[in-house]
Amino acid sequence: MKSRAAWLGAGVAALAVGTTACQDGDRSRQDTAEKNTPGQQVEQAQLQSEKAFDDARDAQKEASSQQREAARAQEDVQHKQQELQEAQAKAQKESQEAQASQQQAQARTQQAQSVAQQAQASALAAQRQAQQNFTTQQQASNENAAANQRVANPDAWQQQAANPNAATQQAAIAQNSRAAPAQEQQISGDVLSANAQEVLVSQRGEPRLRLKVGPSTQVQVDGRAASAADIQEGAQVRASYRTDASSGEPQALRIDATSRAQPAAPAPAESGESSPGVPR
């Protein structure tokens, strides 16, 4: 109990001392303020003003720093906008170039098609011209062959002139042969003339067909192998031939000839008939 009472007494004493010290401090400051001279007061005012200027400069510095940051941000925005504009301009330019390339490709395609059409038309015209030239050449060849035949066998052509149908028949046969050059045809008749190169066959006394004889032509006379020169005039022949595609002339494939019958024995005089095979 005594110690507790002593502790409480010490606390009350300390509180009293602290209160007294505070009161003494307030009095001391009050006394100091009352004792400050006007010069000291001006100095304090200057100090406070300088402090205010320092605070203003610090605020100005802070504002300037923020302004610089805002300017940098604005520059970044402008830079980004410029990059965007450049990217848009580049994209537009590339799009225009792509359209121009496509138009050029279409123009080249149309030009190539036009050239191809012109080339095709030229090829068709050349083909038609070649056909016309071939027809003209065939006609000229036929005319030359006819001229040669007239020179080589004037008698036969005189017979053809006496009978105009013979030339028409010859032309019809040649035309039919050209229409089907690969088809083998047959003819039978009498021999008007024959040599190693050709045999002229007639039917009913009229020139019918002039057969060209070549190395591959098989010739038989009375069942024996022979040459076309061995065939006598007036002999009976049966021939197969095919029209040559280039010259338009009938080429003999095989010729079977039968010689003219030998004159028979003279008939009795009282019959009043002339002997066979002897011209009356």
# chains A, B, ... in the order shown; residues from 1 in each chain; ligands from 1

$ residues_around --residues "Gln203 (chain A)" --least-positions-apart "4" --cutoff "12 Å" --atoms "only C-alpha atoms" --output "ChimeraX atom specification"
/A:166,169-170,187-192,207-210,234-238

$ atom_distance --atom1 "CA of Val221 (chain A)" --atom2 "CA of Gln251 (chain A)"
18.4 Å

$ atom_distance --atom1 "CA of Gln137 (chain A)" --atom2 "CA of Leu211 (chain A)"
20.3 Å

$ residues_around --residues "Gln197 (chain A)" --least-positions-apart "6" --cutoff "9 Å" --atoms "only C-alpha atoms" --output "mmCIF file with N, CA and C atoms, in the first residue's frame"
data_model
loop_
_atom_site.group_PDB
_atom_site.id
_atom_site.type_symbol
_atom_site.label_atom_id
_atom_site.label_comp_id
_atom_site.auth_asym_id
_atom_site.auth_seq_id
_atom_site.Cartn_x
_atom_site.Cartn_y
_atom_site.Cartn_z
ATOM 1 N N LEU A 211 -5.159 -46.219 -168.794
ATOM 2 C CA LEU A 211 -4.572 -46.773 -167.581
ATOM 3 C C LEU A 211 -3.064 -46.570 -167.606
ATOM 4 N N LYS A 212 -2.548 -45.936 -166.527
ATOM 5 C CA LYS A 212 -1.111 -45.796 -166.393
ATOM 6 C C LYS A 212 -0.519 -47.091 -165.848
ATOM 7 N N VAL A 213 0.596 -47.523 -166.444
ATOM 8 C CA VAL A 213 1.258 -48.767 -166.051
ATOM 9 C C VAL A 213 2.532 -48.418 -165.307
ATOM 10 N N GLY A 214 2.691 -48.990 -164.112
ATOM 11 C CA GLY A 214 3.867 -48.733 -163.304
ATOM 12 C C GLY A 214 4.611 -50.014 -162.979
ATOM 13 N N ALA A 228 3.116 -54.629 -170.518
ATOM 14 C CA ALA A 228 2.021 -53.946 -171.202
ATOM 15 C C ALA A 228 2.310 -53.786 -172.688
ATOM 16 N N ALA A 229 3.614 -53.746 -173.044
ATOM 17 C CA ALA A 229 3.946 -53.606 -174.458
ATOM 18 C C ALA A 229 3.591 -54.852 -175.259
#
